[in-house]
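Everything on this sheet refers to the single structure shown next.
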Amino acid sequence: MKAIRFGEFGGPEVLRLVDTDTPDPGPGQVRLRVVAAAVNPIDYKIRSGSMAGVFTTRLPAVPGAEAAGVVDAVGEGVSHLAVGDEAFGFTDTGGYAQYALASTVVRKPEELSFEEAAALSLVAETAQRTLDLLALAAGETVLIHGAAGGVGTAAVQLALARGARVVGTASPARHSALRALGVTPVAYGNGLVARVREVAPDGIDAVLDTVGKGALPDSVELRGGTDRIVTIADPAAADYGVVYSSKAVRDIGQLGEHARLAAEGRLRIPVAEVFPLADAGRAQEASEHGHAPGKLVLKP
């Protein structure tokens, strides 16, 4: 099969399209013929070596945490999927390939394209995990920094599904899209605290920071303390006494619930651009330096 692989840390040029063996599924795994694989910021961070101090990456490695495709082989003990099923979820062997093994994977809703399904798993898991840490409940108001980004878009929809009110920071160009989702948008930058207080005079019950660009001091001021603030992007969290969440939870039940919400139209992640597999380096560059209004996807 064809796959994108890197054997050393570095820039996008270390990503190479190679021929490699097609993997066989083990117990609890299926093999997906990949139709679409998502590109996430964590991909270029791992490739660059900047995550080496956080966890070990065994080289050579195939990037990509999530993919969607067609099941073409089933391992022992798998009963919820069969050969020929359209499925999506988290990969065990890397999604930047024609075939990938996966154990946390569910049936793809007919309502989702393969590209949309490939873009869903990671951001939905991150949004779910952080909203759970915040213990967000119906009737509460949550401030989401970076509400128009990938995780922000998922968090907005999951928060609204809980019956919460959402105030979201974003550039003015994204405000109309956020309003369409049911968000009260505010511009980020100087004067944020006053702008948030103007649209939420009764206060903010919880804060989720998905951008990590100096949002924590304003968040602490708006909350009047550090309680119920979570960041996934600011390494200075400990300096402020704020919770930093980075440990993903791969749960097939949770993934199935996200699939259900997606099928109902209550959890959709827009796809901004689709790249051929051979252009994985260009896709990662776009992920690192661009501001695309949605997820980037590879097509083997």
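By convention in this document, the chains of the structure tokens carry letters A, B, ... by their order, each chain's residues are numbered from 1, and ligands are numbered from 1 in the order they are shown.
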Write down as a PyMOL selection string the residues belonging to range 44-109 of chain A that are assigned alpha helix (DSSP H) by DSSP computed on the backbone.
chain A and resi 44-48
Now that the selection is made, can you save its residues with N, CA, C and O atoms as a PDB file, in the first residue's frame?
```pdb
ATOM      1  N   TYR A  44       1.633  17.977  12.804  1.00  0.00           N
ATOM      2  CA  TYR A  44       2.888  18.672  12.513  1.00  0.00           C
ATOM      3  C   TYR A  44       3.738  18.845  13.773  1.00  0.00           C
ATOM      4  O   TYR A  44       4.962  18.905  13.706  1.00  0.00           O
ATOM      5  N   LYS A  45       3.089  18.905  14.927  1.00  0.00           N
ATOM      6  CA  LYS A  45       3.849  19.020  16.172  1.00  0.00           C
ATOM      7  C   LYS A  45       4.643  17.743  16.446  1.00  0.00           C
ATOM      8  O   LYS A  45       5.802  17.789  16.869  1.00  0.00           O
ATOM      9  N   ILE A  46       4.016  16.603  16.198  1.00  0.00           N
ATOM     10  CA  ILE A  46       4.732  15.332  16.354  1.00  0.00           C
ATOM     11  C   ILE A  46       5.848  15.231  15.332  1.00  0.00           C
ATOM     12  O   ILE A  46       6.981  14.861  15.652  1.00  0.00           O
ATOM     13  N   ARG A  47       5.551  15.543  14.071  1.00  0.00           N
ATOM     14  CA  ARG A  47       6.544  15.452  12.999  1.00  0.00           C
ATOM     15  C   ARG A  47       7.753  16.337  13.267  1.00  0.00           C
ATOM     16  O   ARG A  47       8.895  15.974  12.988  1.00  0.00           O
ATOM     17  N   SER A  48       7.534  17.507  13.848  1.00  0.00           N
ATOM     18  CA  SER A  48       8.629  18.446  14.097  1.00  0.00           C
ATOM     19  C   SER A  48       9.526  18.013  15.247  1.00  0.00           C
ATOM     20  O   SER A  48      10.651  18.494  15.383  1.00  0.00           O
TER      21      SER A  48
END
```
Nearest to Asp234 in chain A, chosen from A:Asp218, A:Ile252, A:Thr210, A:Ala87, with only C-alpha atoms counted in the distances
A:Thr210
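Considering the residues A:Gly191, A:Ala36, A:Arg31, A:Arg162 and counting only C-alpha atoms, Phe114 in chain A has its shortest atom-to-atom contact with A:Ala36.
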Pick out each residue of range 116-284 of chain A that DSSP on the backbone tags as strand (DSSP E or B); I need them as a PyMOL selection string.
chain A and resi 141-145+165-169+184-186+206-209+229-231+243-244+271-276
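The closest residue to Leu120 in chain A, picked from A:Asp85, A:Asp132, A:Asp72, A:Glu257 and counting only C-alpha atoms, is A:Glu257.
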Residue among A:Arg33, A:Ser176, A:Phe6, A:Asn40 lying closest to Gln284 in chain A, counting only C-alpha atoms
A:Asn40
Considering only C-alpha atoms, state which residue in the set A:Leu222, A:Val297, A:Ala100, A:Val35 is at the smallest distance from Val196 in chain A.
A:Leu222
Selection near Ala102 in chain A, 12 Å with only C-alpha atoms, sequence-local residues under 6 positions removed, as JSON, numbers by chain:
{"A": [23, 24, 25, 26, 27, 28, 29, 30, 31, 32, 33, 34, 64, 65, 66, 67, 68, 69, 70, 71, 72, 73, 74, 75, 78, 81, 87, 88, 89, 90, 91, 92, 93, 94, 95, 250, 252]}
Neighbour list for Leu178 in chain A as a ChimeraX atom specification, cut-off 9 Å, only C-alpha atoms, skip fewer than 5 positions in-chain:
/A:147-148,153,156,168,170,183-185
Which residues come within 8 Å of Ala248 in chain A, counting only C-alpha atoms, excluding same-chain residues fewer than 4 positions away, as a count of residues only?
3
Give me the residues of range 145-236 of chain A that have any atom at most 10 Å from an atom of range 264-283 of chain A; for each, the nearest atom pair and the distance in Å, rounded to one decimal. Use only C-alpha atoms, sort by chain and number, and format it as JSON lines.
```
{"residue": "A:Gly149", "atom": "CA", "partner": "A:Ile269", "partner_atom": "CA", "distance": 9.5}
{"residue": "A:Gly150", "atom": "CA", "partner": "A:Ile269", "partner_atom": "CA", "distance": 7.0}
{"residue": "A:Val151", "atom": "CA", "partner": "A:Ile269", "partner_atom": "CA", "distance": 9.0}
{"residue": "A:Gly152", "atom": "CA", "partner": "A:Ile269", "partner_atom": "CA", "distance": 9.9}
{"residue": "A:Thr153", "atom": "CA", "partner": "A:Ile269", "partner_atom": "CA", "distance": 6.9}
{"residue": "A:Ala154", "atom": "CA", "partner": "A:Leu267", "partner_atom": "CA", "distance": 6.6}
{"residue": "A:Ala155", "atom": "CA", "partner": "A:Leu267", "partner_atom": "CA", "distance": 9.2}
{"residue": "A:Val156", "atom": "CA", "partner": "A:Leu267", "partner_atom": "CA", "distance": 9.1}
{"residue": "A:Gln157", "atom": "CA", "partner": "A:Leu267", "partner_atom": "CA", "distance": 5.8}
{"residue": "A:Leu158", "atom": "CA", "partner": "A:Leu267", "partner_atom": "CA", "distance": 7.1}
{"residue": "A:Leu160", "atom": "CA", "partner": "A:Arg266", "partner_atom": "CA", "distance": 8.9}
{"residue": "A:Ala161", "atom": "CA", "partner": "A:Arg266", "partner_atom": "CA", "distance": 7.3}
{"residue": "A:Leu181", "atom": "CA", "partner": "A:Arg266", "partner_atom": "CA", "distance": 9.5}
```
Between CA of Gly214 in chain A and CA of Thr169 in chain A, measure the distance and give it in Å to one decimal.
12.7 Å
Shell around His80 in chain A at 10 Å using only C-alpha atoms, local window under 3 positions removed, as a VMD selection string:
chain A and resid 77 85 105 to 107
Kindly save the residues from that selection, with C-alpha atoms included, as a short mmCIF file (atom, residue, chain, number, x, y, z; two decimals), in the first residue's frame.
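Output contents, as saved in again-v8.cif:
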```
data_model
loop_
_atom_site.label_atom_id
_atom_site.label_comp_id
_atom_site.auth_asym_id
_atom_site.auth_seq_id
_atom_site.Cartn_x
_atom_site.Cartn_y
_atom_site.Cartn_z
CA GLY A 77 -13.76 -10.33 18.64
CA ASP A 85 -19.37 -1.30 6.32
CA VAL A 105 -14.28 2.90 15.25
CA VAL A 106 -18.03 2.98 14.54
CA ARG A 107 -20.37 2.91 11.59
#
```
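In this comparison, which uses only C-alpha atoms, the residue of A:Ala124, A:Leu216, A:Glu111, A:Met1 approaching Asp251 in chain A most closely is A:Ala124.
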